[in-house]
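Student: Input: one structure, supplied below.
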Amino acid sequence: MKNDEALRDAIRTALDRRLSSVTERPDSRQRMLRLIDKEETIVKKKVSAGLILAIALILATMSAALATGGFGLLEYKREQAENEAFTERIVTVGQRFEGDDLTLTVNEAVFNGMTLAFTMDMAPRDASRPVYVIPTITAEAGGQTWTAEPEAASGGFSADGFWVPSMDPRQAPTTQWGVEATLSGLVGGERGGALPEGEVTWRLSLRILRPNYPIAYAQPAADDAMMSDELPEGSEALFAQAYAQGRILLGPDGSLAAYAAQLPQPDGVPGGEKSWAELLDVLAESDAFTAVDGPSVVFTTDGVTRQTAQGGQSFAFADGWQAEVTELNATFDRVECSLRITRDAPDGVTAAQKYEAGDYWTFAVLAEGATTSPQGASWSGCPDGSYVWQGNVELSAPATAITFVPCRADETWQGEPAADGFVPTYSTERMVYLGQAPYTDEQESFAFSVALR
């Protein structure tokens, strides 16, 4: 058995090095597993079941190497490798474009009913000629169109635009990109509860800005240029001067926002306070850049059934606190939830006032039948004296129920001493919500669960 384990480890290590960027087509996997199943009948008395499983995984990976060779979703989202509901919905896109500015291949995509995840390989034609790329992602289903906003990404992918290759001197340029984009609203209307139910057609469009001027970097305000993005006071004049002198001046992190804010207002763009969306138009209309249309990739994903919770459920916890579940949506790899927090206590202090004073509650989110990995949380006070907590977590498998663990936001405790004797102090948000600490007896006593349907 030990020899089997050693062999598996050695083979996996070699394959991880050699085949880390390849992806697999579902038909190749099924074909390979059928072959392995037949082979197992012949050799099952000679080799351990564990070794046969290792060989199955290895051969499936080798078939993936022959299939695509691009950066795949299970490389970007390794935590979903054992989630069959996720892997069986992966769509092979495989669309490749070669332009004057960059090459692009969109490799794989999966839609969970709320969020699209996709991977791509993208590289500049010439690293000495960087371009600024502005992406747009839309979804169409049932005659309606949604916008999709990236909420997580690798490689610096952003709806506000990004450099190819990266111009952040602290980051090594990459050719592998992973993106998670959430449906943010109907075009011309509010998102509300209207999400696509059936087949969804996606369009990823890239707008390319080619620099016409030489590029330089502004100096940060802090002494440590590798750690600070802050600009010194009065730097606005430096960016305006750079444009007047025929130069593009970037922030210390390679950003364009400060430079764009000093560019002249183009015809047709209203004056006044500029939003970042307007700044993109300013960049495109300025002499500093030439705007061209880049590739547009269209692909389709299957519909997904979302699980919800019965509306109007409220749960009391602590002294006078109450949480009402106002939104709870779940799919095979994600939960989005919203709680309205109120307080009825003799002192008359509302939940919103407690929140403003820093004495409020956050919530760890657990899922029955799956492990959870928090992705984000937010809080906002309300005029009626309540505050709203919103969060989303990633699931390792479909869940049957969601448990909320209330945790005081002002709680802190000490961690294990470091080698040099330093004892770190951790807050609730950092430790409990990130799932890095055990829950106290009080926290567990306040927990409440909501069934999914």
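To be explicit about the labels: the chains of the structure tokens are called A, B, and onward in the order shown, and within each one the residues are counted from 1, while ligands get numbers from 1 in the order they are shown.
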Got a sec: who's within 12 Å of Glu236 in chain A, counting only C-alpha atoms, leaving out chain neighbours fewer than 5 positions off, as a PyMOL selection string?
Tutor: chain A and resi 218+231+241-243+249-251+257-263
Student: Please provide the set of residues having any atom within 6 Å of Leu206 in chain A, restricted to only C-alpha atoms, with same-chain residues fewer than 2 positions apart removed, written as a list of chain:residue names.
Tutor: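 These residues fall inside the cut-off: A:Ile134, A:Pro135, A:Gly294, A:Pro295.
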Student: Quick one: pull the distance between CA of Gly320 in chain A and CA of Gln443 in chain A, Å, one decimal.
Tutor: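 Interatomic distance here is 15.4 Å.
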Student: Please identify all polymer residues within 10 Å of range 282-293 of chain A, counting only C-alpha atoms, omitting same-chain residues fewer than 4 positions from it, and present them as number ranges by chain.
Tutor: A: 101, 131-134, 205-214, 243, 246-248, 256-257, 259-267, 269, 274, 276-278
Student: Within 12 Å of Ala357 in chain A, counting only C-alpha atoms, which residues show up once you throw out same-chain ones fewer than 5 positions away? Write them as a list in words, please.
Tutor: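 Once the nearby chain positions are removed, what remains is Val349, Thr350, Ala351, Ala352, Gly381, Ala409 and Asp410 of chain A.
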Student: Write out, as a PDB file, in the first residue's frame, the residues just selected, with N, CA and C atoms.
Tutor:
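Printed below is part_38.pdb as written:
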```
ATOM      1  N   VAL A 349     -31.646  51.956  22.368  1.00  0.00           N
ATOM      2  CA  VAL A 349     -30.634  52.110  21.316  1.00  0.00           C
ATOM      3  C   VAL A 349     -30.965  51.149  20.176  1.00  0.00           C
ATOM      4  N   THR A 350     -31.069  51.672  18.957  1.00  0.00           N
ATOM      5  CA  THR A 350     -31.451  50.845  17.813  1.00  0.00           C
ATOM      6  C   THR A 350     -30.259  50.064  17.272  1.00  0.00           C
ATOM      7  N   ALA A 351     -30.566  49.107  16.415  1.00  0.00           N
ATOM      8  CA  ALA A 351     -29.511  48.325  15.771  1.00  0.00           C
ATOM      9  C   ALA A 351     -28.628  49.210  14.908  1.00  0.00           C
ATOM     10  N   ALA A 352     -29.244  50.174  14.217  1.00  0.00           N
ATOM     11  CA  ALA A 352     -28.466  51.075  13.364  1.00  0.00           C
ATOM     12  C   ALA A 352     -27.517  51.929  14.191  1.00  0.00           C
ATOM     13  N   GLY A 381     -26.438  50.875   7.438  1.00  0.00           N
ATOM     14  CA  GLY A 381     -27.483  51.316   8.349  1.00  0.00           C
ATOM     15  C   GLY A 381     -28.709  51.790   7.599  1.00  0.00           C
ATOM     16  N   ALA A 409     -18.973  41.902  16.273  1.00  0.00           N
ATOM     17  CA  ALA A 409     -17.970  42.486  15.393  1.00  0.00           C
ATOM     18  C   ALA A 409     -16.786  43.053  16.158  1.00  0.00           C
ATOM     19  N   ASP A 410     -16.979  43.355  17.451  1.00  0.00           N
ATOM     20  CA  ASP A 410     -15.880  43.958  18.202  1.00  0.00           C
ATOM     21  C   ASP A 410     -15.069  42.934  18.994  1.00  0.00           C
TER      22      ASP A 410
END
```
Student: Fewer than 5 positions away in the same chain doesn't count, so skip those; otherwise give me all residues within 10 Å of Met120 in chain A, counting only C-alpha atoms, as a PDB file with N, CA and C atoms, in the first residue's frame.
Tutor:
```
ATOM      1  N   GLY A  70      -5.356  24.816 -22.554  1.00  0.00           N
ATOM      2  CA  GLY A  70      -5.525  26.155 -22.023  1.00  0.00           C
ATOM      3  C   GLY A  70      -5.736  26.151 -20.526  1.00  0.00           C
ATOM      4  N   PHE A  71      -5.807  27.351 -19.947  1.00  0.00           N
ATOM      5  CA  PHE A  71      -6.017  27.530 -18.521  1.00  0.00           C
ATOM      6  C   PHE A  71      -7.467  27.191 -18.198  1.00  0.00           C
ATOM      7  N   GLY A  72      -7.689  26.172 -17.403  1.00  0.00           N
ATOM      8  CA  GLY A  72      -9.035  25.665 -17.179  1.00  0.00           C
ATOM      9  C   GLY A  72      -9.643  26.107 -15.863  1.00  0.00           C
ATOM     10  N   LEU A  73     -10.946  25.910 -15.717  1.00  0.00           N
ATOM     11  CA  LEU A  73     -11.665  26.337 -14.530  1.00  0.00           C
ATOM     12  C   LEU A  73     -11.198  25.620 -13.273  1.00  0.00           C
ATOM     13  N   VAL A  93     -15.488  26.348 -24.212  1.00  0.00           N
ATOM     14  CA  VAL A  93     -15.709  27.422 -25.186  1.00  0.00           C
ATOM     15  C   VAL A  93     -14.707  27.299 -26.328  1.00  0.00           C
ATOM     16  N   GLY A  94     -13.425  27.359 -26.019  1.00  0.00           N
ATOM     17  CA  GLY A  94     -12.378  27.097 -26.998  1.00  0.00           C
ATOM     18  C   GLY A  94     -12.315  28.056 -28.171  1.00  0.00           C
ATOM     19  N   GLN A  95     -12.745  29.312 -27.987  1.00  0.00           N
ATOM     20  CA  GLN A  95     -12.696  30.291 -29.077  1.00  0.00           C
ATOM     21  C   GLN A  95     -11.394  31.082 -29.001  1.00  0.00           C
ATOM     22  N   ARG A  96     -10.667  31.132 -30.114  1.00  0.00           N
ATOM     23  CA  ARG A  96      -9.373  31.799 -30.149  1.00  0.00           C
ATOM     24  C   ARG A  96      -9.383  32.949 -31.154  1.00  0.00           C
ATOM     25  N   LEU A 104      -6.143  35.951 -27.788  1.00  0.00           N
ATOM     26  CA  LEU A 104      -7.098  35.616 -26.748  1.00  0.00           C
ATOM     27  C   LEU A 104      -7.733  34.270 -27.046  1.00  0.00           C
ATOM     28  N   THR A 105      -7.788  33.413 -26.045  1.00  0.00           N
ATOM     29  CA  THR A 105      -8.552  32.177 -26.127  1.00  0.00           C
ATOM     30  C   THR A 105      -9.411  32.067 -24.882  1.00  0.00           C
ATOM     31  N   VAL A 106     -10.730  32.058 -25.044  1.00  0.00           N
ATOM     32  CA  VAL A 106     -11.637  31.792 -23.933  1.00  0.00           C
ATOM     33  C   VAL A 106     -11.799  30.284 -23.842  1.00  0.00           C
ATOM     34  N   ASN A 107     -11.416  29.715 -22.719  1.00  0.00           N
ATOM     35  CA  ASN A 107     -11.293  28.262 -22.604  1.00  0.00           C
ATOM     36  C   ASN A 107     -12.550  27.582 -22.088  1.00  0.00           C
ATOM     37  N   GLU A 108     -12.938  27.891 -20.845  1.00  0.00           N
ATOM     38  CA  GLU A 108     -14.062  27.197 -20.219  1.00  0.00           C
ATOM     39  C   GLU A 108     -14.940  28.177 -19.468  1.00  0.00           C
ATOM     40  N   ALA A 109     -16.198  27.777 -19.243  1.00  0.00           N
ATOM     41  CA  ALA A 109     -17.139  28.622 -18.507  1.00  0.00           C
ATOM     42  C   ALA A 109     -18.132  27.739 -17.766  1.00  0.00           C
ATOM     43  N   THR A 175      -0.396  35.328 -18.410  1.00  0.00           N
ATOM     44  CA  THR A 175      -1.166  35.031 -19.619  1.00  0.00           C
ATOM     45  C   THR A 175      -2.415  34.226 -19.281  1.00  0.00           C
ATOM     46  N   GLN A 176      -2.618  33.906 -17.983  1.00  0.00           N
ATOM     47  CA  GLN A 176      -3.749  33.101 -17.550  1.00  0.00           C
ATOM     48  C   GLN A 176      -4.680  33.956 -16.699  1.00  0.00           C
ATOM     49  N   TRP A 177      -5.954  33.953 -17.068  1.00  0.00           N
ATOM     50  CA  TRP A 177      -6.925  34.829 -16.425  1.00  0.00           C
ATOM     51  C   TRP A 177      -8.158  34.022 -16.026  1.00  0.00           C
ATOM     52  N   GLY A 178      -8.628  34.256 -14.815  1.00  0.00           N
ATOM     53  CA  GLY A 178      -9.877  33.667 -14.346  1.00  0.00           C
ATOM     54  C   GLY A 178     -10.794  34.763 -13.851  1.00  0.00           C
ATOM     55  N   VAL A 179     -12.078  34.661 -14.156  1.00  0.00           N
ATOM     56  CA  VAL A 179     -13.025  35.737 -13.838  1.00  0.00           C
ATOM     57  C   VAL A 179     -14.306  35.131 -13.279  1.00  0.00           C
TER      58      VAL A 179
END
```
Student: DSSP on the backbone: what in range 306-357 of chain A comes out alpha helix (DSSP H), as a list in words?
Tutor: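 Written out, the alpha helix (DSSP H) residues of range 306-357 of chain A are Ala351, Ala352, Gln353, Lys354, Tyr355 and Glu356 of chain A.
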Student: Can you write just those residues out, C-alpha atoms, as a short mmCIF file (atom, residue, chain, number, x, y, z; two decimals), in the first residue's frame?
Tutor:
```
data_model
loop_
_atom_site.label_atom_id
_atom_site.label_comp_id
_atom_site.auth_asym_id
_atom_site.auth_seq_id
_atom_site.Cartn_x
_atom_site.Cartn_y
_atom_site.Cartn_z
CA ALA A 351 -29.51 48.32 15.77
CA ALA A 352 -28.47 51.08 13.36
CA GLN A 353 -27.11 53.19 16.23
CA LYS A 354 -25.19 50.19 17.56
CA TYR A 355 -23.80 49.61 14.09
CA GLU A 356 -22.66 53.23 13.78
#
```
Student: When distances are computed from only C-alpha atoms, which of A:Ser235, A:Ser373, A:Leu183, A:Pro130 shows the smallest separation from Glu79 in chain A?
Tutor: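 Smallest separation from Glu79 in chain A among the options: A:Ser373.
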Student: In Å, how far is it from CA of Pro383 in chain A to CA of Thr342 in chain A?
Tutor: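 Distance between the two atoms: 11.8 Å.
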Student: Hey, which of A:Gly369, A:Gly143, A:Gly376, A:Pro406 ends up closest to Gly198 in chain A? Count only C-alpha atoms.
Tutor: A:Gly143
Student: Could you list, as a list in words, every residue within 12 Å of Thr400 in chain A, counting only C-alpha atoms and ignoring same-chain residues fewer than 2 positions away?
Tutor: Arg306, Gln307, Thr308, Ala309, Asn329, Ala330, Thr331, Phe332, Val335, Leu366, Ala367, Glu368, Gly369, Ala370, Thr371, Leu395, Ala397, Pro398, Ile402, Thr403, Ser449, Val450, Ala451, Leu452 and Arg453 of chain A
Student: Which polymer residues have any atom within 12 Å of an atom of Val110 in chain A, counting only C-alpha atoms, with same-chain residues fewer than 2 positions away left out, as a VMD selection string?
Tutor: chain A and resid 72 to 74 77 80 85 to 93 107 to 108 112 to 119 178 to 181 199 to 202 299 to 304 332 to 333
Student: Grab the CA of Phe448 in chain A to CA of Glu197 in chain A distance for me, in Å with one decimal place.
Tutor: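 These two atoms are separated by 29.6 Å.
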Student: Nearest to Ser338 in chain A among A:Gly421, A:Cys382, A:Phe317, A:Tyr387, with distances taken over only C-alpha atoms: which residue is it?
Tutor: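 Among A:Gly421, A:Cys382, A:Phe317, A:Tyr387, it is A:Tyr387 that comes nearest to Ser338 in chain A.
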Student: Using only C-alpha atoms, find the one residue out of A:Leu195, A:Leu328, A:Ala419, A:Ala318 that sits nearest to Ala401 in chain A.
Tutor: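 Closest to Ala401 in chain A, using only C-alpha atoms: A:Leu328.
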Student: Run DSSP on the backbone and give me the residues of range 87-258 of chain A it puts in strand (DSSP E or B), as a ChimeraX atom specification.
Tutor: /A:91-98,102-111,115-124,131-141,144-153,162-164,176-186,200-211,215-217,248-250
